[in-house]
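Notes to accompany the following structure.
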Amino acid sequence: MKKLLLAAAAASICAAPAVAEVKVGMITTLSGGGAGLGIDVRDGFMLAIAQSGRDDIDVVIEDDQRKPDIAVQLSDKMIQSERVDVLTGIIWSNLAMAVVPAAVNQDVFYLSPNAGPSPLAGKGCNKNYFNVAWQNDNLHEAAGAYANTAGYTNSFILAPNYPAGTDALTGYKRFFEGDLAGEIYTKLGQTDYAAEIAQIRASGADSVFFFLPGGMGISFLKQYADSGIDLPVVGPAFSFDQGILQAVGGAALGVVNTSQWNKDIDNPTNAAFVESFQAEYGRLPSLYASQGFDTANLLLSALESASPSDADAFREALRAADFDSTRGDFAFGPNHHPIQTIYAREVIQEGDVFTNKIIGTALEKHSDAYAADCKM
Amino acid sequence: MSAILIIEQVLNGLQFGVMLFLMAAGLTLIFGVMGLINLAHGSLYMVGAFAAAAVAGATGSFLLGLVAALAAAALAGTLIEVVVIRRLYAAPHLDQVLATFALILVFSEGTRWIFGSFPLFLEIPDALSGPVTLPGGIEYPLYRLTLIGIGLVIAVGLWALIERTRIGIQIRAGENDREMIAALGVDISRLYTLIFALGAALAGLAGALVGAIQSVQVGMGEPVLILAFVVIVIGGIGSIRGAFIGALLVGLTDTLGGVFLPEVFKLFMEPGAAQKSGAAIASMGIYVLMGCVLVWRPTGLFGARP
């Protein structure tokens with residue numbers, strides 16, 4: 001009798017969900033110095049989900065506070081307790097390296113809207129890991145290519161000492177054909193760059209390349225502009241995104257930065273995205289917002305033809321990437337990272353707002369340097 | 001490694017040092033006179049920076065922003081002293097740490113609630129922007145020179161306050177023996193509130209001045225707070241002179257170490273590795289300094305001798 005009751009209870013619990021729901025876990029940085037990036041990714045992602053009109057997608061959003069141990073805890077909770085089908089959201093490469101390998105090995109799909117560390121594009125690539133934004137080195141490689149066409153021959157380069165910073169300088173050096181007047185790894189979170197700027201002044205460089213995301217970039221740009229050193233500055237979009245530009249103001253004018261997206265890329269999806277983002281959130285989108293938006297649309301496009309419960313079919317649907325991207329045509333390479341055009345854009349002032357304008361193309365149909373190492 | 005570079009780095013170290021002094025002075029007074037560990041000092045730094053950014057953004061005047069920073073930080077300091085800190089004077093240090101840590105969280109979330117999560121814009125006034133040419137052909141930003149100047153003026157002002165005024169006598173007596181001055185009729189609670197507000201105002205001023213060349217964002221005060229603690233341990237708890245010397249030592253060690261250690265390493269390593277290892281060791285420099293000072297003088301350079 002007891003066994004019968006127990007079996008009935010178990011059967012009723014298992015029979016519970018009648019509506020097929022897709023659960024997405026978003027672990028991103030919503031507090032602390034780097035919060036602007038996570039907030040933009042989240043807002044772009046949720047805008048696309050809202051615009052799809054679907055009510056069967058459940059997005060669970062948590063704040064990793066830029067701490068790897070918290071990100072790992074959240075990922076464990078989402079995979080084991082919330083039972084998410086797809087994980088996304090991580091901004092920082094050190095957190096990605098802590099979370100992604102374990103997650104994809106538990107048969108959870110991971111769609112990266114930002115962090116693209118080199119191990120995950122090369123030797124550590126995984127069939128469940130897709131990167132919708134770029135491989136970390138890409139924008140820096142494009143900066144190196146742009147520096148060549150601009151005629152710079154002696155660059156001073158600096159970046160923070162963490163995986164994305166190392167990738168940045170490696171990427172720049174891979175494409176830049178000139179000499180290096182200096183190469184510095186600063187502390188992650190460092191705010192005073194007086195010492196580094198003094199070294200730039202003394203180095204005899206003809207150009208400066210730096211990768212300093214978030215508050216670090218704001219500090220450096222302000223101090224650099226005030227130092228009176230007139231060398232041209234090149235960088236990836238991470239140091240000149242929409243969020244940073246408002247805090248830096250005139251100090252950033254004229255700087256050239258490389259990005260796979262800008263608000264003036266001419267296609268209907270992008271125009272609609274910029275307009276609806278501004279209407280919904282009252283601010284211009286940054287490249288992080290466009291990456292969140294594209295990630296959500298990739299997911300939605302895959303859900304049109306397959307469900308995460310059929311892993312192989314869902315994976316093929318993701319690989320097909322049959323969605324309208326804000327960047328125009330979108331395609332994955334064999335290592336699940338995008339093959340795309342990277343533009344050079346310049347910081348300008350439009351009325352009261354500081355923003356970017358595309359001035360040229362740095363790299364076309366660009367893959368990444370680690371694809372050959374990926375044996376998927 | 002030219003002389004110009006060395007002199008410029010020394011100036012950078014001095015500027016870093018005097019800004020640390022503004023933070024450390026308040027901290028050491030509070031710790032020395034009231035025996036209170038105040039972790040919320042970094043939040044007062046942040047309040048000053050945000051107040052300056054908000055007022056300077058609204059009025060366009062950096063000077064008004066500075067005044068607002070002083071006022072806002074002093075007000076915030078008075079408020080938390082009366083509401084929270086007052087109950088902690090007799091409590092063990094751990095309780096003080098826990099309570100003031102809670103204040104950090106309250107201030108951080110409160111600031112994010114009022115101002116949002118993106119960094120705020122605060123810029124150097126035009127009159128102070130750009131470099132000036134110093135004797136010897138050195139180009140140095142005028143604003144950083146101004147910071148050094150302001151720091152020195154405040155150092156002198158604090159010295160005058162402590163050594164030459166009635167309040168100063170009360171502060172020095174309070175550091176020495178709290179119960180005795182209460183017994184002698186000094187209104188302790190008013191004195192404590194005054195000291196706390198003074199320390200808070202200094203922190204807020206530092207936040208506003210440094211915020212103009214760095215990023216005004218939530219959480220900007222905590223890294224500076226840690227450095228300020230290192231400074232007061234090196235200088236000796238309760239000593240303004242110690243805070244000043246300690247701050248200059250920390251500022252110079254950190255800046256010059258970060259520049260010259262990699263150069264030293266380059267003598268026997270290849271440049272990339274030398275840069276990385278030099279920078280890593282240099283970041284420990286101030287803590288090594290603190291260790292050495294404590295071995296030599298356990299209560300700090302100017303602390304009370306046992």
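Chain identifiers are assigned as A, B, and so on, following the order in which chains appear in the structure tokens; residues are numbered from 1 within each chain, and ligands are numbered from 1 in order of appearance.
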Problem set entry | Non-local contacts of A:Phe109 (10 Å; only C-alpha atoms; under 2 positions in same chain excluded) as a list in words | Val24, Val84, Asp85, Val86, Leu87, Thr88, Val100, Ala103, Val104, Asn105, Gln106, Asp107, Leu111, Ser112, Asn126, Lys127, Asn128, Tyr129, Phe130, Pro308, Ala311, Phe314, Arg315 and Leu318 of chain A
Please produce, as a Markdown table, a per-residue contact table for chain B versus chain A (criterion: any atom at most 7 Å away, only C-alpha atoms considered), showing the nearest atom pair and its distance in Å to one decimal, sorted by chain then residue number.
```
| residue | atom | partner | partner_atom | distance |
| --- | --- | --- | --- | --- |
| B:Leu5 | CA | A:Ala198 | CA | 6.4 |
| B:Glu8 | CA | A:Ala198 | CA | 6.6 |
| B:Gln9 | CA | A:Ala195 | CA | 6.0 |
| B:Asn12 | CA | A:Ala194 | CA | 6.1 |
| B:Ser117 | CA | A:Ala35 | CA | 6.3 |
| B:Phe118 | CA | A:Gly36 | CA | 5.5 |
| B:Pro119 | CA | A:Ala247 | CA | 6.1 |
| B:Leu120 | CA | A:Ala247 | CA | 5.4 |
| B:Phe121 | CA | A:Ala247 | CA | 4.1 |
| B:Ser129 | CA | A:Asp226 | CA | 5.9 |
| B:Gly130 | CA | A:Asp226 | CA | 4.8 |
| B:Pro131 | CA | A:Gly228 | CA | 5.5 |
| B:Tyr140 | CA | A:Ser227 | CA | 6.7 |
| B:Pro141 | CA | A:Ser227 | CA | 5.3 |
| B:Ile213 | CA | A:Lys222 | CA | 5.7 |
| B:Gln214 | CA | A:Ser219 | CA | 3.9 |
| B:Ser215 | CA | A:Ser219 | CA | 5.3 |
| B:Gln217 | CA | A:Gly33 | CA | 6.4 |
| B:Val218 | CA | A:Gly32 | CA | 6.2 |
| B:Gly219 | CA | A:Gly32 | CA | 6.3 |
| B:Thr255 | CA | A:Ala195 | CA | 6.5 |
| B:Val259 | CA | A:Ala195 | CA | 6.9 |
| B:Gln275 | CA | A:Ile184 | CA | 6.6 |
| B:Lys276 | CA | A:Tyr185 | CA | 6.5 |
```
Exercise. Contacts of A:Leu298 at 8 Å or less, counting only C-alpha atoms, minus same-chain residues fewer than 2 places along, as a list in words?
Worked result: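 The residues satisfying every condition are Asp294, Thr295, Ala296, Leu300, Ser301, Ala302, Leu318, Ala321, Asp322 and Phe323 of chain A.
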For this session: For A:Leu169, please output as a ChimeraX atom specification all residues within 10 Å (counting only C-alpha atoms; exclusion window: fewer than 2 positions along the same chain).
Result: /A:137,140-141,144,157-160,164-167,171-174,183-185,209-211
Mind checking which residues fall within 8 Å of B:Ile240, counting only C-alpha atoms, ignoring those fewer than 6 positions away in the same chain, and posting them as a PDB file with N, CA and C atoms, in the first residue's frame?
```
ATOM      1  N   ALA B  25      44.695  61.475   7.499  1.00  0.00           N
ATOM      2  CA  ALA B  25      44.612  62.407   8.626  1.00  0.00           C
ATOM      3  C   ALA B  25      43.319  62.206   9.392  1.00  0.00           C
ATOM      4  N   THR B  28      43.347  58.798  11.181  1.00  0.00           N
ATOM      5  CA  THR B  28      44.210  58.668  12.341  1.00  0.00           C
ATOM      6  C   THR B  28      43.660  59.456  13.524  1.00  0.00           C
ATOM      7  N   LEU B  29      43.042  60.603  13.247  1.00  0.00           N
ATOM      8  CA  LEU B  29      42.419  61.361  14.334  1.00  0.00           C
ATOM      9  C   LEU B  29      41.311  60.545  14.977  1.00  0.00           C
ATOM     10  N   LEU B 158      46.248  71.741   9.492  1.00  0.00           N
ATOM     11  CA  LEU B 158      45.950  70.759  10.544  1.00  0.00           C
ATOM     12  C   LEU B 158      46.967  70.862  11.674  1.00  0.00           C
ATOM     13  N   TRP B 159      48.227  71.045  11.285  1.00  0.00           N
ATOM     14  CA  TRP B 159      49.264  71.202  12.313  1.00  0.00           C
ATOM     15  C   TRP B 159      48.928  72.394  13.203  1.00  0.00           C
TER      16      TRP B 159
END
```
Problem set entry | Backbone DSSP call of helix (DSSP H, G or I) for stretch 151-255 of chain B, listed as a count of residues only | 86
For this session: Mind checking which residues fall within 10 Å of stretch 222-234 of chain B, counting only C-alpha atoms, ignoring those fewer than 6 positions away in the same chain, and posting them as a VMD selection string?
Result: (chain A and resid 189 to 191) or (chain B and resid 17 19 to 29 31 to 32 37 to 43 45 to 46 104 203 207 240 242 to 251 286 to 287 289 to 294 297 to 303)
For this session: Find the spatial neighbours of A:Ser75, counting only C-alpha atoms, within a cut-off of 10 Å - ignore same-chain residues fewer than 2 positions away - and output them as a ChimeraX atom specification.
Result: /A:25-27,62,64,69-73,77-82,84,87-88,98-100,102-103
Exercise. So how many Å separate atom CA of A:Ala317 and atom CA of A:Ser286, to one decimal?
Worked result: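 Taking atom CA of A:Ala317 as the start and atom CA of A:Ser286 as the end point, the length is 27.3 Å.
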